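Trainee: Shown below is the structure under consideration.
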Amino acid sequence: MGDLINRILQNYPYIFALALFGIGTFTVLTHSNLLKKVIGINIMEGSTYLFFIAAGNIRGGVAPIKDMASQGEVIHVNPLPQALMLTGIVVSVSVTALSLALIMRLYKLYGTVDAREIHQIRNEVRASGNSN
Amino acid sequence: MATAISENLPVLLVVMLLSTAYILPVLTRVRRFRLVEIFSILALCLTLVGGAYLAKEVLHNGSFHYQVGGWPAPWGIELVINSLTGLFLITIGFVTIPIMLYASADLVEEVGSRQRAIWFMTLFLLLTAALTGLAVTGDMFNVFVMVEVASIASVAIVSARNDAASVEATFKYLMLATIGSGFVMLGIGFLYILTGNLNMGFIQHELSTTWQNYPTALWMGMSFFMVGFGVKSALFPLHVWLPDAHSTAITPASAMLSSLAIKGYIIALLKVFYMAVGAQIILALPITNILLVLGMVAIIAGALFALAQDELKRRLAFSTVSQVGYIFLGIGLGTVQGLGGSLMHILSHAITKALLFLAAGSIVKYTGESKISEMAGVGYQMPVTVGVFTVGALSMVGIPLFSGFVSKWQLLLGSLQAGNYLAVLVLVLGSLLAAAYLLPVVKVAFFQKPEEKPLYGEAAYVQLVAMLFLAVLIILVGTFPGALLELAQQAARTLLGLEVLL
């Protein structure tokens, strides 16, 4: 038991990131408000940034910038995960933009941003015989 | 010049497709729209030629590596060209060319304006480029980027018509695809934490000696990959987005998505499992058994759902869920025969499903009926379209001399060899169910008396050519599978580590 608690304490950033990931996914899947779904997507993607940055972090390390003034041994954190997460941020910004554009379009077409109501309207349209 | 091109071919293919995609929007003002279409078809033809050339090289000289920008791994991005790459590039070429040809006939009319038609072609080429990238890449983060490009392009392509049904399907697809990407990203994170590398070869080298120290973490990473790619490739319980997205998109888009886009993620999954983690570890963990069971459930459940649909395009979409089950079943067998069969099924399902969707799209468009029960006598008015639909249906069922037979036969042999008689039963049952959900369409169209209806006639000339091309391809692959089958089996041997990869 003590061993387990020790391991959790040592790896707390990862556990925190996975918990956030779960919260984000849960939000996307359970909320029927489309905007809340987009917020859930952002929480989820944020957790992956945390996961990667924690992987590259070294306690006591500094930003990996060459500094002529400082003397002696300096520990730098791993810059690669940070560079990767820049790509990740770009991707998630474009996903957010695309989903917000789709929500605008859905609001114009259905007059609501609630997934359940949209589904109901769709079913009524389909039941009335017009598939499109 | 010629040697420079052939030496740098792997990266040139992707660059060529990407730059064609981004040049297209500039060409909106070209007076003759036909020229724009020919331009994009030309790019796809070059992909097919390049893919066939790479496949031939790999078949004769074995796999090779390509360093992007001349930076050696692990500092630069490395591309790995093996038989898997060759096979998937050929599949991409076979499928995209006829779909683009089919689309060129009535694209402007379908999506509303020339501007939107050009955007559609841009997205189509971006999707092709991303799939090509997935086929050639040998770097984990490159996989993530290509998966994202493919996801966003395929999500956007669904809403090409911009009507109420397709926009709703698009949003649903976008949410689930993004969740899938999140899972894939975390999986990559796990592999990076465990090994400190993103290059597939280096990850495999590192894991092969140390994986027993942290089996739980590796297991978690693998599950993230399985869920992530499972959502994106519509593995059965995770397929909920597929029927809506694939049935409401415009015809060329649904053909492309159903036949190629989901296969790209399966290729990515195979690369992660066998090229990054390594066959030894994958076969030691119970991962393949899980995939085997999920595949079997998918075959039966997808087929039963398909039977219940009366809308033609929805029935085809559920049929895709069932056929993806075949591919996962083959992967789950974990033998050369099984994996080779499922790689072959990636190709044969791609050409078959593309043909079925194109023919179904024509039938729905020209008759104005989307329900199968109201298609009585369509065959009398559109004999060629329904004829090629029949070819596709027979291939999907797995009748000899059609491409579907070749892959299903391989899968059947694989299950027999593995001694898995339940899988044999499921494969046969799946084929019977495929006959039960596809052949009634043919029956209704050819053998039922048409009601009194205005005449509508055949699809456009170019569209008939595109569909006939695919039908001939299905019969050719079914009759002379030789080289392609050899390529698929070599790919399976390479992935399972029976041939030296590095």
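Every chain in the structure tokens takes a letter, A first, then B, and so on in the order presented; its residues are numbered from 1, and the ligands are numbered from 1 following the presented order.
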In chain A, what's helix (DSSP H, G or I) per DSSP? Answer as a VMD selection string?
Mentor: chain A and resid 2 to 10 12 to 30 34 to 56 79 to 110 115 to 127
Trainee: Would you write out, as a Markdown table, a table of all residues in chain B that have an atom no more than 10 Å from an atom of chain A, listing for each the closest atom pair and the distance in Å to one decimal, considering only C-alpha atoms and ordering rows by chain and rising residue number?
Mentor:
| residue | atom | partner | partner_atom | distance |
| --- | --- | --- | --- | --- |
| B:Phe141 | CA | A:Leu84 | CA | 7.8 |
| B:Phe144 | CA | A:Gly88 | CA | 9.2 |
| B:Val145 | CA | A:Thr87 | CA | 8.1 |
| B:Glu148 | CA | A:Val91 | CA | 7.3 |
| B:Val149 | CA | A:Val91 | CA | 8.7 |
| B:Ser151 | CA | A:Val95 | CA | 9.7 |
| B:Ile152 | CA | A:Val95 | CA | 7.4 |
| B:Val155 | CA | A:Leu98 | CA | 9.4 |
| B:Ala156 | CA | A:Leu98 | CA | 8.3 |
| B:Ser159 | CA | A:Leu102 | CA | 9.1 |
| B:Asn162 | CA | A:Arg105 | CA | 8.5 |
| B:Asp163 | CA | A:Asn132 | CA | 7.8 |
| B:Ala164 | CA | A:Leu109 | CA | 6.1 |
| B:Ala165 | CA | A:Asn132 | CA | 6.1 |
| B:Ser166 | CA | A:Asn132 | CA | 8.6 |
| B:Val167 | CA | A:Leu106 | CA | 6.7 |
| B:Glu168 | CA | A:Leu106 | CA | 6.9 |
| B:Thr170 | CA | A:Leu102 | CA | 8.0 |
| B:Phe171 | CA | A:Leu102 | CA | 6.6 |
| B:Lys172 | CA | A:Ala115 | CA | 9.3 |
| B:Leu174 | CA | A:Ser99 | CA | 7.3 |
| B:Met175 | CA | A:Val28 | CA | 7.4 |
| B:Leu176 | CA | A:Val28 | CA | 8.7 |
| B:Thr178 | CA | A:Ile41 | CA | 7.3 |
| B:Ile179 | CA | A:Thr25 | CA | 6.8 |
| B:Ser181 | CA | A:Glu45 | CA | 9.1 |
| B:Gly182 | CA | A:Glu45 | CA | 6.3 |
| B:Phe183 | CA | A:Thr48 | CA | 8.9 |
| B:Met185 | CA | A:Thr48 | CA | 7.0 |
| B:Leu186 | CA | A:Thr48 | CA | 6.2 |
| B:Gly187 | CA | A:Thr48 | CA | 10.0 |
| B:Ile188 | CA | A:Phe52 | CA | 9.4 |
| B:Gly189 | CA | A:Phe52 | CA | 6.1 |
| B:Phe190 | CA | A:Phe52 | CA | 9.0 |
| B:Tyr192 | CA | A:Ala55 | CA | 8.3 |
| B:Ile193 | CA | A:Ala55 | CA | 6.1 |
| B:Leu194 | CA | A:Ala55 | CA | 9.8 |
| B:Gly196 | CA | A:Ala55 | CA | 9.4 |
| B:Thr248 | CA | A:Asn132 | CA | 8.1 |
| B:Glu311 | CA | A:Ser131 | CA | 9.0 |
| B:Glu369 | CA | A:Ser131 | CA | 9.7 |
| B:Ser370 | CA | A:Ser131 | CA | 7.7 |
| B:Lys371 | CA | A:Ser131 | CA | 9.3 |
Trainee: As a compact mmCIF listing (two decimals) with N, CA, C and O atoms, in the first residue's frame, please: the residues near Ile118 of chain B (cut-off 10 Å, only C-alpha atoms, same-chain neighbours under 3 positions excluded).
Mentor:
# COMPACT_ATOMS: atom_id res chain seq x y z
N ALA B 21 -2.71 20.30 -53.90
CA ALA B 21 -3.90 20.68 -53.12
C ALA B 21 -3.93 22.17 -52.88
O ALA B 21 -4.97 22.82 -52.98
N LEU B 24 -4.66 24.42 -56.13
CA LEU B 24 -6.02 24.40 -56.68
C LEU B 24 -6.86 25.66 -56.37
O LEU B 24 -7.48 26.20 -57.27
N PRO B 25 -6.90 26.13 -55.10
CA PRO B 25 -7.75 27.30 -54.83
C PRO B 25 -7.36 28.53 -55.65
O PRO B 25 -8.19 29.40 -55.90
N VAL B 26 -6.09 28.59 -56.09
CA VAL B 26 -5.65 29.73 -56.90
C VAL B 26 -6.27 29.64 -58.30
O VAL B 26 -6.42 30.65 -58.99
N LEU B 27 -6.64 28.42 -58.69
CA LEU B 27 -7.10 28.22 -60.07
C LEU B 27 -8.60 28.48 -60.23
O LEU B 27 -9.18 28.12 -61.25
N THR B 28 -9.24 29.11 -59.22
CA THR B 28 -10.69 29.34 -59.31
C THR B 28 -11.05 30.10 -60.57
O THR B 28 -12.12 29.92 -61.14
N PHE B 33 -13.16 24.81 -66.43
CA PHE B 33 -13.10 24.05 -65.18
C PHE B 33 -12.50 22.67 -65.43
O PHE B 33 -11.84 22.10 -64.57
N VAL B 36 -8.88 22.21 -64.51
CA VAL B 36 -8.57 22.04 -63.08
C VAL B 36 -8.74 20.58 -62.69
O VAL B 36 -7.92 20.00 -61.96
N GLU B 37 -9.81 19.97 -63.21
CA GLU B 37 -10.07 18.57 -62.87
C GLU B 37 -8.97 17.67 -63.43
O GLU B 37 -8.48 16.76 -62.75
N LEU B 107 -19.61 17.59 -60.10
CA LEU B 107 -19.21 18.11 -58.80
C LEU B 107 -19.81 19.49 -58.52
O LEU B 107 -20.36 19.73 -57.44
N VAL B 108 -19.73 20.38 -59.51
CA VAL B 108 -20.22 21.75 -59.30
C VAL B 108 -21.70 21.73 -58.94
O VAL B 108 -22.15 22.42 -58.02
N VAL B 111 -22.18 20.28 -55.18
CA VAL B 111 -21.80 21.06 -54.01
C VAL B 111 -22.25 22.51 -54.09
O VAL B 111 -22.10 23.25 -53.13
N SER B 113 -21.35 25.39 -56.01
CA SER B 113 -20.68 26.41 -56.83
C SER B 113 -19.29 25.93 -57.21
O SER B 113 -18.79 24.96 -56.65
N ARG B 114 -18.67 26.64 -58.17
CA ARG B 114 -17.32 26.27 -58.59
C ARG B 114 -16.33 26.43 -57.47
O ARG B 114 -15.42 25.62 -57.29
N GLN B 115 -16.51 27.52 -56.68
CA GLN B 115 -15.61 27.76 -55.55
C GLN B 115 -15.62 26.55 -54.61
O GLN B 115 -14.58 26.02 -54.24
N MET B 121 -12.08 19.57 -53.99
CA MET B 121 -10.92 18.87 -54.57
C MET B 121 -9.68 19.10 -53.72
O MET B 121 -8.84 18.20 -53.56
N THR B 122 -9.53 20.31 -53.15
CA THR B 122 -8.40 20.57 -52.26
C THR B 122 -8.42 19.61 -51.08
O THR B 122 -7.40 18.99 -50.75
N LEU B 123 -9.60 19.47 -50.44
CA LEU B 123 -9.70 18.57 -49.30
C LEU B 123 -9.42 17.13 -49.70
O LEU B 123 -8.75 16.39 -48.99
N PHE B 124 -9.93 16.77 -50.88
CA PHE B 124 -9.73 15.40 -51.38
C PHE B 124 -8.24 15.11 -51.53
O PHE B 124 -7.74 14.08 -51.09
Trainee: One decimal, Å: what's the distance from atom CA of Ala261 of chain B over to atom CA of Val158 of chain B, could you say?
Mentor: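 Between these atoms lies a distance of 11.9 Å.
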Trainee: Determine the nearest neighbour of Val428 of chain B from the options B:Gln463, B:Pro252, B:Leu312, B:Ile299, counting only C-alpha atoms.
Mentor: B:Ile299
